[in-house]
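In what follows, a structure is listed as structure tokens, so that the remarks can point back to it.
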2 protein chains.
Amino acid sequence: MAKCNPTKRSLFFLPLLISLLSAAAAVRRHPLDPLSPNELDLIRSLIADSLPNPSTTNVTFQYVALADPNKQSVLSWHSNPKTPPPPRRATATVRYNSTTHEILIDLGKKAIISNRVYSGPAYAPFTIEEQFAAAALPPSHPPFVAAMKKRGLKMEEVVCACFSVGWFGEKRKQKRTVKVQCYYLDGSVNLYMRPVEGVTVTVDLDQMKIIGFRDRYEAPIPKADGTDYRESMLKPPFLPPLNGIKMVQPGGPSFRVNGHSISWSNWKLHVGFDERAGPIISLASIYDMEKQKHRQVLYKGFISELFVPYMDLTEEWYYRTFFDSGEYGFGQCAVALEPLRDCPENAVFMDTHMAAGDGRPVKMPNTFCIFERHAGDIMWRHTEGTIPNRVVRETRPEVSLVVRMVAAVGNYDYIVDWEFKQSGSIIANVGLTGLLEVRASKYTHSDQIKEEVYGALISENTIGVRHDHFLIYHLDLDIVGGPNSFVKSNLRTVRPPTPDSPRKSYWTVVSETARTEADARIKFGSQAAELAVVNPNRKSRLGNPVGYRLIPNSAVGPLMSADDYPQIRAAFTNYNVWVTPYNSSEKWASGLYTDQSRGDDTLATWSLRNREIEEKDIVMWYTMGFHHVPCQEDFPLMPTLSRGFELRPTNFFESNPVLKATPPYPLNRSICPL
Amino acid sequence: MAKCNPTKRSLFFLPLLISLLSAAAAVRRHPLDPLSPNELDLIRSLIADSLPNPSTTNVTFQYVALADPNKQSVLSWHSNPKTPPPPRRATATVRYNSTTHEILIDLGKKAIISNRVYSGPAYAPFTIEEQFAAAALPPSHPPFVAAMKKRGLKMEEVVCACFSVGWFGEKRKQKRTVKVQCYYLDGSVNLYMRPVEGVTVTVDLDQMKIIGFRDRYEAPIPKADGTDYRESMLKPPFLPPLNGIKMVQPGGPSFRVNGHSISWSNWKLHVGFDERAGPIISLASIYDMEKQKHRQVLYKGFISELFVPYMDLTEEWYYRTFFDSGEYGFGQCAVALEPLRDCPENAVFMDTHMAAGDGRPVKMPNTFCIFERHAGDIMWRHTEGTIPNRVVRETRPEVSLVVRMVAAVGNYDYIVDWEFKQSGSIIANVGLTGLLEVRASKYTHSDQIKEEVYGALISENTIGVRHDHFLIYHLDLDIVGGPNSFVKSNLRTVRPPTPDSPRKSYWTVVSETARTEADARIKFGSQAAELAVVNPNRKSRLGNPVGYRLIPNSAVGPLMSADDYPQIRAAFTNYNVWVTPYNSSEKWASGLYTDQSRGDDTLATWSLRNREIEEKDIVMWYTMGFHHVPCQEDFPLMPTLSRGFELRPTNFFESNPVLKATPPYPLNRSICPL
């Protein structure tokens, strides 16, 4: 994190609005569709008109989103298209007169429903514009100018980025501020590898002025050489080029996109967009050939928060404990995906829109790509050689559907994939790439280091600071609708009941249905268990509970102490799994207001109520973590490191749902016309 | 497990031997190349000629393999092609006169070097032929005939398979036996879903006769309906077909195969084959552009054992604790890969050869496929939006190299992938598919079950029995040659040294170099650590130890009690990671002789010596596990479940080795000629 990428804003400010609006009109509106440009315009004008002095009041739109329509109304509409859709409402968190307002708008009635002042200590996400404005202040601040001059730096090569300040036990409400950290280009675009260390500027965002400056110490600026990653700037030798390789689909993709709804093979789902969450997968249902109908799996799935704390106690670093969703807007940081590079040849792209800092709609081209993945994997196979004089061989290659978004939250790029398999599996995967956040240092060799430097030397004068990434997924599974229960099936070692058994042990499954939230808090470790969300009222024909199980990929938990302020704010990382009863207000695991939050509105605090979760509409939360110990391979740009998890049907189907998958056709026919 | 697939044997018995031999002659011989057909023939004839009564002695070739040439000699030859290759030797474990002989042969001198009788209690892997012979005995055994008649079964629809008997504390050496379990086809090829439960036949393999018969009880044969998986036998409705999708490489693959050596982009490696291990990756080295040379990474990597214990204590099941490598020969169970289905369009196939039960060479077509994987993943990317009025975007799509083999060990199919990335990562992945081993039962609904049934009802009268899969990889890493050390870097929570820090904690890295084997035994759990094999004498220019780290994917450990006989035999599963000093005789984690083994020759016993491993030629062993609780989706055939691990460079390169990767060309050019 640092400051997210404003590609769309600077390049595509309101260009094709009219054509977009007319195109959008042709598609039947889904109640979960993200806000359209005219809806965003409407919100802006309604709010502007409501101000006592619209011309002189400076309003910033911190977060504008579709207000979740009532879940039951969405489900009714979804199950019967003749049911009227729920009213479309929007929520706008705006700031004016140094006050945060939560404004609820009825888009159909074109009216403000409520305008509530939030006066707590925390703040809504930054806008991109205010980050740019704050980052532009230092060069006209004389002490900063002096500091750069002292270091012999050319001011035109200095660029700055905004960092959230966190909360470290302050009792009184603090001003809305950011720390501004600056970097030196001068021969590279890889600013993050060239920090101007020791200088910290504090900016009051409401006043948009510098309120603090500190030049504590000097460290060498790491050299520019070797930091640039642009193809045009790289010098030979290159890795030998590979022969061309390409995915082709002569008949086009097998999926259909209708607005934001996607249907592919046995899946139907909706892909929404939110400035804070990024992609929101909704109403994912899969066709059950036996039952001859689509059955609900996931009402809603999204990344609720992404917490990135750095493990450096120095004055310039201790506060770097970023909440990329709640502070920066993970969706707001979405980048335009590049065809053929960010997504394969057979990808289809989807644009989105969001509100700029002034409330105007901004088109974000190529926010999502959707493609069929044909990686050479095998969906299922068997070669049977036991039958004498006979060989049976059947194989089905795997083709799956991927929905991708990439968010570049300052230095880090997160590749977010939601993958759907015909077998019913949903795989959520995150790839981490981009640039490290490094501290400039006097050291050029490890042997010189005799103190705690909070990281590893990854290039001369460059310490890659240790840090974590914790992504928490909100997984509102509705297995065949609801209500659902969470079942933990412990694998327990058992001694044989009679001593005459030749075996001395086996393991069995002891299932516990979680009654309350406390029963469902799970830290991954060495205990073997299967975790499933089941529908206790929908048994399979054999009487097995119909469900989906979570197959995690790692067992990473927090390493900060529980009393540390950033950990209190990110207490949702205390467990890998949580289950809560559905509550429309419990979306953001770090709280509705995250910037300078104090941990009083997190998943961990909601869960303290220890509500009943058995046979309820429940939400599973899954925390996936990475501890990052940087190494030289991460310099000057990190090769992708991926991690994910699988939601896999377990007795959801009466039998293997892909037994009757037909292999992709025509696999072996020539692609080129004769 | 059960009986592995003899596709190649029945179909390709010695057909094209002459053409093969002449083709092979054109390629320069690599000392690690698997045995050629003429070498196999030589071995057979040398052994036959050495027998006192060759014409009347029945010899079975249980295991024939290239004897590992001296590692130093291979390395000398590898580093300097003018060095003569080490002498080619073979090891043959043969059985005649009810005795196991270990015969060492010098292939160059065409002579037997030694013939040692092994008289311990355990046995070498079964041959496929003896499994077929044993499985063919029951229909001519009157009590068996009566048992089938009593059940109203047609004998011509009964097929049988051989199961290893294990060891359950017997003090005296046992005969070489198998249990034969039979199944009923009658309308399906999916025999494994139709066990004739309650009947167990015991066969003496040396005598090749039935020495035990038991008809303990009857259970209904599960119905044939719904079990067949052949496309030709499936009835609509099918899943809607997907549009054609195909990987094309107009210029052909970017890798070169020379014999068994493969070079691709910055990688060079050798792919060997062994009846027991399957694929053996050797001498994998990666080109370091900075150093302008290839640097050694992996001297040898292979699956040393695959342990599959079932958790059912009934008389017909308790002994099913299979060692798929040591008992059945994981390589021997390799199947012919089907183009376009088992491997994508751009795959190249490689045949292998092995010794049949009578020692004759058998061609195994399409044992390996090699392809470039272009799954739509991103190797690295960044979008930079912090610099005012400027957007930088660079992305490199990922293309990797995959070497695949599939072993069908009776019911289960294991898809073994070794993936090599230009970034230096090696990813080993295993996909599990094929058929469950099920127990027939009277139950047709879960509500009827009031006893421990050791599994789940997955179809009427069909219990999917709980079981595990533990794969142990032998990873003889030689990071930039040797010697190497194993470093465990613990991530430890630390309080700030001074109380005035705004933070109350951070985590740091405390690295420990393992001095002896005991220091390097690791059970995965909640403790955060990075595990690396490093070359302590090769520091990076910044002084960091050059290494590769292990990124595991799960934390599965054994659940059987340590005193249980199968667990004693499979004690190598007690830890997820072990490190041993290189010892050419320590290849098989379950012991050289595994059938009826007693756990006295396993990785766990070798490691008891607690040898020094610091700055030595060391081998890392990694155990990857699956606990399998079957569900209805696994019936009648399982969708693939995958798991793997990554070996990732850490300070091995001076900087990101794929910064200068050129994107595949011509990605965006039309594939078809104009």
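Order determines the names: the first chain of the structure tokens is A, the second B, and so forth; residues in each chain are numbered 1 upward, and ligands are numbered 1 upward as they are shown.
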
(Q) Set the distance at 10 Å and use only C-alpha atoms: which residues neighbour Leu42 of chain B once local chain neighbours fewer than 6 positions away are removed? I'd like the list as a VMD selection string. (A) chain B and resid 36 48 105 107 110 to 111 359 to 361

Q. Within 7 Å of Thr650 of chain B, counting only C-alpha atoms, which residues qualify if same-chain residues fewer than 6 places away don't, as a ChimeraX atom specification?
A. /A:631-633 /B:546-549

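Nearest-residue note for chain A: choosing from B:Lys291, B:Lys246, B:His101, B:Lys488, the minimum distance belongs to B:Lys246, counting only C-alpha atoms.
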
Q: Assign secondary structure with DSSP using the backbone only, and return the residues of segment 354-519 of chain A in strand (DSSP E or B) as an MDAnalysis selection string.
A: chainID A and resid 354:355 361:373 378:384 392:397 400:409 412:420 426:434 438:440 455:459 462:465 467:477 484:494 506:513 516

List the spatial neighbours of Val201 of chain B as a short mmCIF file (atom, residue, chain, number, x, y, z; two decimals) with N, CA, C and O atoms, in the first residue's frame - criterion: any atom at most 7 Å away, only C-alpha atoms, same-chain residues fewer than 3 positions off excluded.
data_model
loop_
_atom_site.label_atom_id
_atom_site.label_comp_id
_atom_site.auth_asym_id
_atom_site.auth_seq_id
_atom_site.Cartn_x
_atom_site.Cartn_y
_atom_site.Cartn_z
N LYS B 179 -3.68 -60.99 -0.44
CA LYS B 179 -5.11 -61.24 -0.30
C LYS B 179 -5.74 -60.91 -1.64
O LYS B 179 -5.38 -59.91 -2.27
N VAL B 180 -6.68 -61.74 -2.04
CA VAL B 180 -7.37 -61.47 -3.30
C VAL B 180 -8.81 -61.08 -2.98
O VAL B 180 -9.51 -61.81 -2.27
N GLN B 181 -9.17 -59.92 -3.44
CA GLN B 181 -10.53 -59.40 -3.23
C GLN B 181 -11.21 -59.36 -4.59
O GLN B 181 -10.60 -58.93 -5.58
N ILE B 210 -3.78 -71.01 -3.87
CA ILE B 210 -4.61 -70.49 -2.78
C ILE B 210 -4.28 -71.25 -1.51
O ILE B 210 -4.29 -72.48 -1.48
N GLY B 212 -5.59 -69.89 1.56
CA GLY B 212 -6.57 -69.48 2.56
C GLY B 212 -7.84 -69.05 1.87
O GLY B 212 -7.80 -68.45 0.78
N PHE B 213 -8.94 -69.38 2.50
CA PHE B 213 -10.22 -68.94 1.95
C PHE B 213 -11.16 -68.68 3.11
O PHE B 213 -11.21 -69.42 4.08
N ARG B 214 -11.90 -67.63 3.00
CA ARG B 214 -12.82 -67.29 4.07
C ARG B 214 -14.03 -66.62 3.44
O ARG B 214 -13.89 -65.69 2.65
#
